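Novice: What follows is a structure written as structure tokens; I'll ask about it next.
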Amino acid sequence: MGRAIATLIGIFLVSVAIAIPLAVALAWPVIYVSETVLHLGCESNTIDGQQVWVCPDGIGYVFPGLALGVVLTVIGVVTRVLWRRDALGPPAERYTLAMIISLVTGALALLVGAVMTLCGLFDVSAAYGWWLIPVGLAVAAASLAVLVALKQARLRATTNTIATLVVLGALIPVSGLGLPLVAALAGGFAVAAALYSTTRADRPSAALA
């Protein structure tokens, strides 16, 4: 088990080392999309009958940049887990490691989903609050499904994959520090799904079968 954990940590560190320069290179496109398309952190004003978006400077997009770095890191980890599964030890060790990651991520995501829902309930007068309620409930439900599936071997890879997609969808209304946090939770589910899949298939291409 110690070997599997050490190998996964090594994979994570290599992925971070690759993701950081990539995130820096993609910083300008991220800022452009965040400001021009998504209007993250921007306020809408009406001037001479026209809607004008007032957006923060580049520093205001630090958290979207961090989220991008997290996503790139997760992609690297998942890819290397699928193709270097033998280096993570026998299937039994990979299975145990996947359960640990799934359990920790599921518990944290459940807490985040509950907090998002409560924040939305206390801010129902604003459009942002209405966004958070269904998103928070979806994240909480996906997390519960992952935790329940810990007792259902055939459903673990599938539920973790679905949870990854649901939590990624939660990124849409989230801003600030919550952005990289939610991306990290989605990454946790993705890594767990990849690890589970390596215990069920002989080839990475059959990972989610």
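In the structure tokens, the first chain shown is A, the next is B, and so on; residue numbers restart at 1 for each chain, and ligands run from 1 in the order shown.
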For the strand (DSSP E or B) assignment from backbone DSSP, which residues of region 29-187 of chain A qualify? Please present them as a list in words.
Specialist: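 Selecting the strand (DSSP E or B) positions of region 29-187 of chain A gives Glu43, Ser44, Asn45, Thr46, Ile47, Gln50, Gln51, Val52, Trp53 and Val54 of chain A.
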Novice: Write down as a short mmCIF file (atom, residue, chain, number, x, y, z; two decimals) with N, CA and C atoms, in the first residue's frame the residues belonging to region 114-165 of chain A that are assigned alpha helix (DSSP H) by DSSP computed on the backbone.
Specialist:
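And here is the file that came out, states22.cif:
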data_model
loop_
_atom_site.label_atom_id
_atom_site.label_comp_id
_atom_site.auth_asym_id
_atom_site.auth_seq_id
_atom_site.Cartn_x
_atom_site.Cartn_y
_atom_site.Cartn_z
N ALA A 114 -23.58 20.95 0.63
CA ALA A 114 -24.48 21.46 1.66
C ALA A 114 -24.26 22.95 1.90
N VAL A 115 -22.99 23.38 1.92
CA VAL A 115 -22.68 24.79 2.13
C VAL A 115 -23.20 25.64 0.97
N MET A 116 -23.03 25.15 -0.26
CA MET A 116 -23.51 25.88 -1.42
C MET A 116 -25.03 26.04 -1.36
N THR A 117 -25.72 24.97 -0.97
CA THR A 117 -27.17 25.03 -0.87
C THR A 117 -27.61 26.04 0.18
N LEU A 118 -26.96 26.02 1.34
CA LEU A 118 -27.30 26.98 2.40
C LEU A 118 -27.02 28.41 1.98
N CYS A 119 -25.91 28.62 1.28
CA CYS A 119 -25.60 29.97 0.79
C CYS A 119 -26.66 30.44 -0.19
N GLY A 120 -27.13 29.52 -1.03
CA GLY A 120 -28.18 29.88 -1.97
C GLY A 120 -29.49 30.21 -1.27
N LEU A 121 -29.82 29.46 -0.21
CA LEU A 121 -31.05 29.71 0.53
C LEU A 121 -31.03 31.07 1.23
N ALA A 127 -30.06 36.46 -8.28
CA ALA A 127 -29.98 35.39 -9.27
C ALA A 127 -28.89 34.39 -8.92
N TYR A 128 -27.79 34.89 -8.33
CA TYR A 128 -26.69 34.02 -7.95
C TYR A 128 -27.14 32.98 -6.93
N GLY A 129 -28.00 33.41 -5.99
CA GLY A 129 -28.50 32.49 -4.99
C GLY A 129 -29.33 31.38 -5.59
N TRP A 130 -30.18 31.73 -6.55
CA TRP A 130 -31.01 30.71 -7.20
C TRP A 130 -30.15 29.71 -7.96
N TRP A 131 -29.00 30.17 -8.49
CA TRP A 131 -28.08 29.25 -9.17
C TRP A 131 -27.50 28.24 -8.19
N LEU A 132 -27.14 28.73 -7.00
CA LEU A 132 -26.41 27.88 -6.06
C LEU A 132 -27.26 26.75 -5.48
N ILE A 133 -28.56 26.99 -5.31
CA ILE A 133 -29.41 25.96 -4.67
C ILE A 133 -29.42 24.65 -5.47
N PRO A 134 -29.81 24.66 -6.76
CA PRO A 134 -29.82 23.39 -7.50
C PRO A 134 -28.43 22.80 -7.69
N VAL A 135 -27.43 23.68 -7.86
CA VAL A 135 -26.07 23.18 -8.04
C VAL A 135 -25.57 22.50 -6.76
N GLY A 136 -25.82 23.15 -5.60
CA GLY A 136 -25.42 22.56 -4.33
C GLY A 136 -26.10 21.23 -4.08
N LEU A 137 -27.39 21.15 -4.39
CA LEU A 137 -28.13 19.90 -4.22
C LEU A 137 -27.59 18.81 -5.14
N ALA A 138 -27.23 19.18 -6.37
CA ALA A 138 -26.70 18.21 -7.33
C ALA A 138 -25.36 17.66 -6.85
N VAL A 139 -24.50 18.55 -6.34
CA VAL A 139 -23.19 18.11 -5.83
C VAL A 139 -23.38 17.19 -4.63
N ALA A 140 -24.29 17.56 -3.72
CA ALA A 140 -24.54 16.73 -2.54
C ALA A 140 -25.08 15.36 -2.95
N ALA A 141 -26.01 15.34 -3.91
CA ALA A 141 -26.59 14.08 -4.36
C ALA A 141 -25.54 13.18 -5.01
N ALA A 142 -24.68 13.78 -5.85
CA ALA A 142 -23.62 13.01 -6.50
C ALA A 142 -22.66 12.43 -5.46
N SER A 143 -22.35 13.23 -4.44
CA SER A 143 -21.46 12.77 -3.38
C SER A 143 -22.06 11.61 -2.60
N LEU A 144 -23.36 11.72 -2.30
CA LEU A 144 -24.04 10.63 -1.60
C LEU A 144 -24.03 9.36 -2.43
N ALA A 145 -24.24 9.51 -3.74
CA ALA A 145 -24.23 8.34 -4.63
C ALA A 145 -22.88 7.65 -4.59
N VAL A 146 -21.80 8.45 -4.58
CA VAL A 146 -20.45 7.88 -4.52
C VAL A 146 -20.25 7.14 -3.20
N LEU A 147 -20.68 7.73 -2.10
CA LEU A 147 -20.50 7.10 -0.79
C LEU A 147 -21.32 5.82 -0.68
N VAL A 148 -22.55 5.84 -1.19
CA VAL A 148 -23.39 4.64 -1.16
C VAL A 148 -22.79 3.54 -2.04
N ARG A 156 -18.90 1.57 -8.77
CA ARG A 156 -17.98 2.57 -8.23
C ARG A 156 -17.35 3.44 -9.31
N ALA A 157 -16.82 2.84 -10.36
CA ALA A 157 -16.20 3.64 -11.42
C ALA A 157 -17.23 4.53 -12.08
N THR A 158 -18.43 4.00 -12.30
CA THR A 158 -19.48 4.76 -12.97
C THR A 158 -19.95 5.94 -12.12
N THR A 159 -20.20 5.70 -10.84
CA THR A 159 -20.70 6.78 -9.99
C THR A 159 -19.65 7.86 -9.80
N ASN A 160 -18.39 7.48 -9.71
CA ASN A 160 -17.33 8.48 -9.59
C ASN A 160 -17.19 9.30 -10.87
N THR A 161 -17.38 8.65 -12.01
CA THR A 161 -17.33 9.38 -13.28
C THR A 161 -18.49 10.37 -13.38
N ILE A 162 -19.69 9.93 -13.01
CA ILE A 162 -20.85 10.82 -13.03
C ILE A 162 -20.66 11.98 -12.05
N ALA A 163 -20.13 11.66 -10.87
CA ALA A 163 -19.88 12.71 -9.88
C ALA A 163 -18.88 13.73 -10.40
N THR A 164 -17.88 13.27 -11.15
CA THR A 164 -16.92 14.20 -11.76
C THR A 164 -17.62 15.19 -12.67
N LEU A 165 -18.51 14.70 -13.52
CA LEU A 165 -19.23 15.56 -14.46
C LEU A 165 -20.16 16.52 -13.74
#
Novice: Would you pick out the contacts of region 24-29 of chain A at 12 Å or less, using only C-alpha atoms, so that residues sharing its chain but fewer than 5 positions from it are not included, and give the list as a count of residues only?
Specialist: 20
Novice: As a PyMOL selection string, please: the residues near Leu150 (chain A) (cut-off 9 Å, only C-alpha atoms, same-chain neighbours under 6 positions excluded).
Specialist: chain A and resi 99+102-103+156
Novice: Would you put the residues from that selection into a file with C-alpha atoms, as a PDB file, in the first residue's frame?
Specialist:
ATOM      1  CA  MET A  99     -11.772   3.623  -1.987  1.00  0.00           C
ATOM      2  CA  SER A 102     -13.425   8.197  -3.153  1.00  0.00           C
ATOM      3  CA  LEU A 103     -14.417   8.298   0.514  1.00  0.00           C
ATOM      4  CA  ARG A 156     -17.978   2.572  -8.230  1.00  0.00           C
TER       5      ARG A 156
END
